[in-house]
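See below for the structure under consideration.
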Amino acid sequence: MGSRSDWPTMEHAAATLDRLHLAYEARVVSAHRTPDRLYDYAKTARARGLKAIIAGAGGAAHLPGMAAALTPVPVLGVPVESRALKGEDSLLSIVQMPGGVPVATFAIGKAGAINAALFAAAMLATDDAEMASRLDAYRDAQTAGVPETPSDD
Ligand SMILES: Nc1c(C(=O)O)ncn1[C@@H]1O[C@H](COP(=O)(O)O)[C@@H](O)[C@H]1O
């Protein structure tokens, strides 16, 4: 994520990965404020064995796109809700990549963070039966948690 201030959003991605027993690291890396850290992080990502990078950032959210420019590891962009423009700036900054440098872009805020984690798990599940069954269990629990009526009475 681009800043510690993104953690209240991105911790939902982390919690989802925890639920799926999927190992991850959470780091603050900013294209704007820590460009060298971003360069090192992205350039070493593949060799370190990272299978996906969930990049959350708000406002002028260049982090996901710059990460994607520097590594072949799939980048999943999460637009963090910004104070001034409610995350529309984040969304548009992340989604509108030039052809040739893809970033998979998710919804603004908490839902996007959760879905990015689920999507990363789904990518891994294509050749990991254990992960596929954990995802099935996640969905089963989600389905079981949806009541059929609007209230208990
Ligand atoms: N969009 C970026 C990048 C980047 O794209 O590299 N670095 C920080 N930021 C964003 O700035 C917002 C405000 O950050 P602060 O709260 O630290 O001022 C955060 O949402 C962060 O993701």
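Residue numbering restarts at 1 in every chain; chains get A, B, ... in the order shown in the structure tokens, and ligands count up from 1 in that same order.
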
### Task
With only C-alpha atoms and all ligand atoms counted, collect every polymer residue having an atom within 10 Å of ligand 1; state the result as a VMD selection string.
chain A and resid 1 to 7 9 28 to 35 38 55 to 67 78 to 83 87 89 to 90 93 to 94

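The space between atom CA of Asp128 of chain A and atom CA of Leu20 of chain A spans 12.6 Å.
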
#### Entry: Coordinates-based distance that separates atom CA of Ala117 of chain A from atom CA of Pro8 of chain A (Å, one decimal)
14.9 Å

### Message
What's around Ala120 of chain A at 12 Å? Count only C-alpha atoms, leave out sequence neighbours fewer than 6 positions away in its own chain, and write the answer as a list in words.
### Response
Ala13, Ala14, Thr16, Leu17, Leu20, Leu22, Ala23, Tyr24, Leu50, Lys51, Ala52, Ile53, Ile54, Ala55, Val73, Pro74, Val75, Leu76, Gly77, Ala104, Phe106, Ala113, Ile114, Thr126, Met131, Ala132 and Leu135 of chain A

Save out the residues we just selected, C-alpha atoms, as a PDB file, in the first residue's frame.
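So the final result, stored in part22.pdb, reads:
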```pdb
ATOM      1  CA  ALA A  13      -7.363  -7.999   2.097  1.00  0.00           C
ATOM      2  CA  ALA A  14      -4.998  -9.290   4.773  1.00  0.00           C
ATOM      3  CA  THR A  16      -9.273 -12.465   3.797  1.00  0.00           C
ATOM      4  CA  LEU A  17      -5.873 -13.992   3.016  1.00  0.00           C
ATOM      5  CA  LEU A  20      -7.719 -18.701   3.337  1.00  0.00           C
ATOM      6  CA  LEU A  22      -2.614 -17.813   2.239  1.00  0.00           C
ATOM      7  CA  ALA A  23       0.822 -16.440   3.133  1.00  0.00           C
ATOM      8  CA  TYR A  24       1.462 -12.775   2.396  1.00  0.00           C
ATOM      9  CA  LEU A  50       5.640 -13.682  -5.045  1.00  0.00           C
ATOM     10  CA  LYS A  51       2.689 -14.964  -7.064  1.00  0.00           C
ATOM     11  CA  ALA A  52       0.658 -11.732  -7.020  1.00  0.00           C
ATOM     12  CA  ILE A  53       0.925  -8.183  -5.740  1.00  0.00           C
ATOM     13  CA  ILE A  54      -2.170  -6.529  -4.292  1.00  0.00           C
ATOM     14  CA  ALA A  55      -1.403  -2.825  -4.576  1.00  0.00           C
ATOM     15  CA  VAL A  73       4.113 -10.660 -11.330  1.00  0.00           C
ATOM     16  CA  PRO A  74       0.354  -9.966 -11.718  1.00  0.00           C
ATOM     17  CA  VAL A  75      -0.655  -6.697 -10.033  1.00  0.00           C
ATOM     18  CA  LEU A  76      -4.123  -6.379  -8.500  1.00  0.00           C
ATOM     19  CA  GLY A  77      -4.976  -2.731  -7.898  1.00  0.00           C
ATOM     20  CA  ALA A 104      -6.407  -5.857 -12.657  1.00  0.00           C
ATOM     21  CA  PHE A 106     -11.042  -3.778  -8.212  1.00  0.00           C
ATOM     22  CA  ALA A 113      -9.590  -5.168  -0.955  1.00  0.00           C
ATOM     23  CA  ILE A 114     -11.538  -8.325  -0.106  1.00  0.00           C
ATOM     24  CA  THR A 126      -6.165 -23.048 -10.770  1.00  0.00           C
ATOM     25  CA  MET A 131      -6.635 -23.661  -2.259  1.00  0.00           C
ATOM     26  CA  ALA A 132      -9.629 -24.449  -4.465  1.00  0.00           C
ATOM     27  CA  LEU A 135     -12.250 -21.070  -1.658  1.00  0.00           C
TER      28      LEU A 135
END
```

### Query
With only C-alpha atoms as the atoms that count, which of A:Ala84, A:Leu124, A:Ala68, A:Gln142 lies nearest to Pro102 of chain A?
A:Ala68

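With distances restricted to only C-alpha atoms, A:Thr71 is the closest residue to Ala47 of chain A from A:Pro98, A:Arg134, A:Thr71, A:Leu118.
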
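The coordinates place atom CA of Gly109 of chain A at 9.3 Å from atom CA of His12 of chain A.
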
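Here the DSSP assignment of alpha helix (DSSP H), based on backbone atoms, applies within segment 39-96 of chain A to Tyr39, Asp40, Tyr41, Ala42, Lys43, Thr44, Ala45, Leu63, Pro64, Gly65, Met66, Ala67, Ala68, Ala69, Leu70, Glu88, Asp89, Ser90, Leu91, Leu92, Ser93, Ile94 and Val95 of chain A.
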
### Query
Of the candidates A:Leu70, A:Leu85, A:Ala129, A:Ala122, which shows the shortest atom-to-atom distance to Ile108 of chain A, using only C-alpha atoms?
A:Leu85

### Task
Based on DSSP run over this structure's backbone, return all residues of segment 42-125 of chain A in strand (DSSP E or B), as a PyMOL selection string.
chain A and resi 53-58+75-80+104-105

Output C-alpha atoms of each residue in that selection to a file, as a short mmCIF file (atom, residue, chain, number, x, y, z; two decimals), in the first residue's frame.
```cif
data_model
loop_
_atom_site.label_atom_id
_atom_site.label_comp_id
_atom_site.auth_asym_id
_atom_site.auth_seq_id
_atom_site.Cartn_x
_atom_site.Cartn_y
_atom_site.Cartn_z
CA ILE A 53 0.93 -8.18 -5.74
CA ILE A 54 -2.17 -6.53 -4.29
CA ALA A 55 -1.40 -2.82 -4.58
CA GLY A 56 -3.72 -0.45 -2.72
CA ALA A 57 -3.34 3.30 -3.11
CA GLY A 58 -5.44 6.43 -2.99
CA VAL A 75 -0.66 -6.70 -10.03
CA LEU A 76 -4.12 -6.38 -8.50
CA GLY A 77 -4.98 -2.73 -7.90
CA VAL A 78 -7.23 -1.59 -5.07
CA PRO A 79 -8.43 2.03 -5.22
CA VAL A 80 -8.40 3.38 -1.67
CA ALA A 104 -6.41 -5.86 -12.66
CA THR A 105 -8.55 -3.20 -11.01
#
```
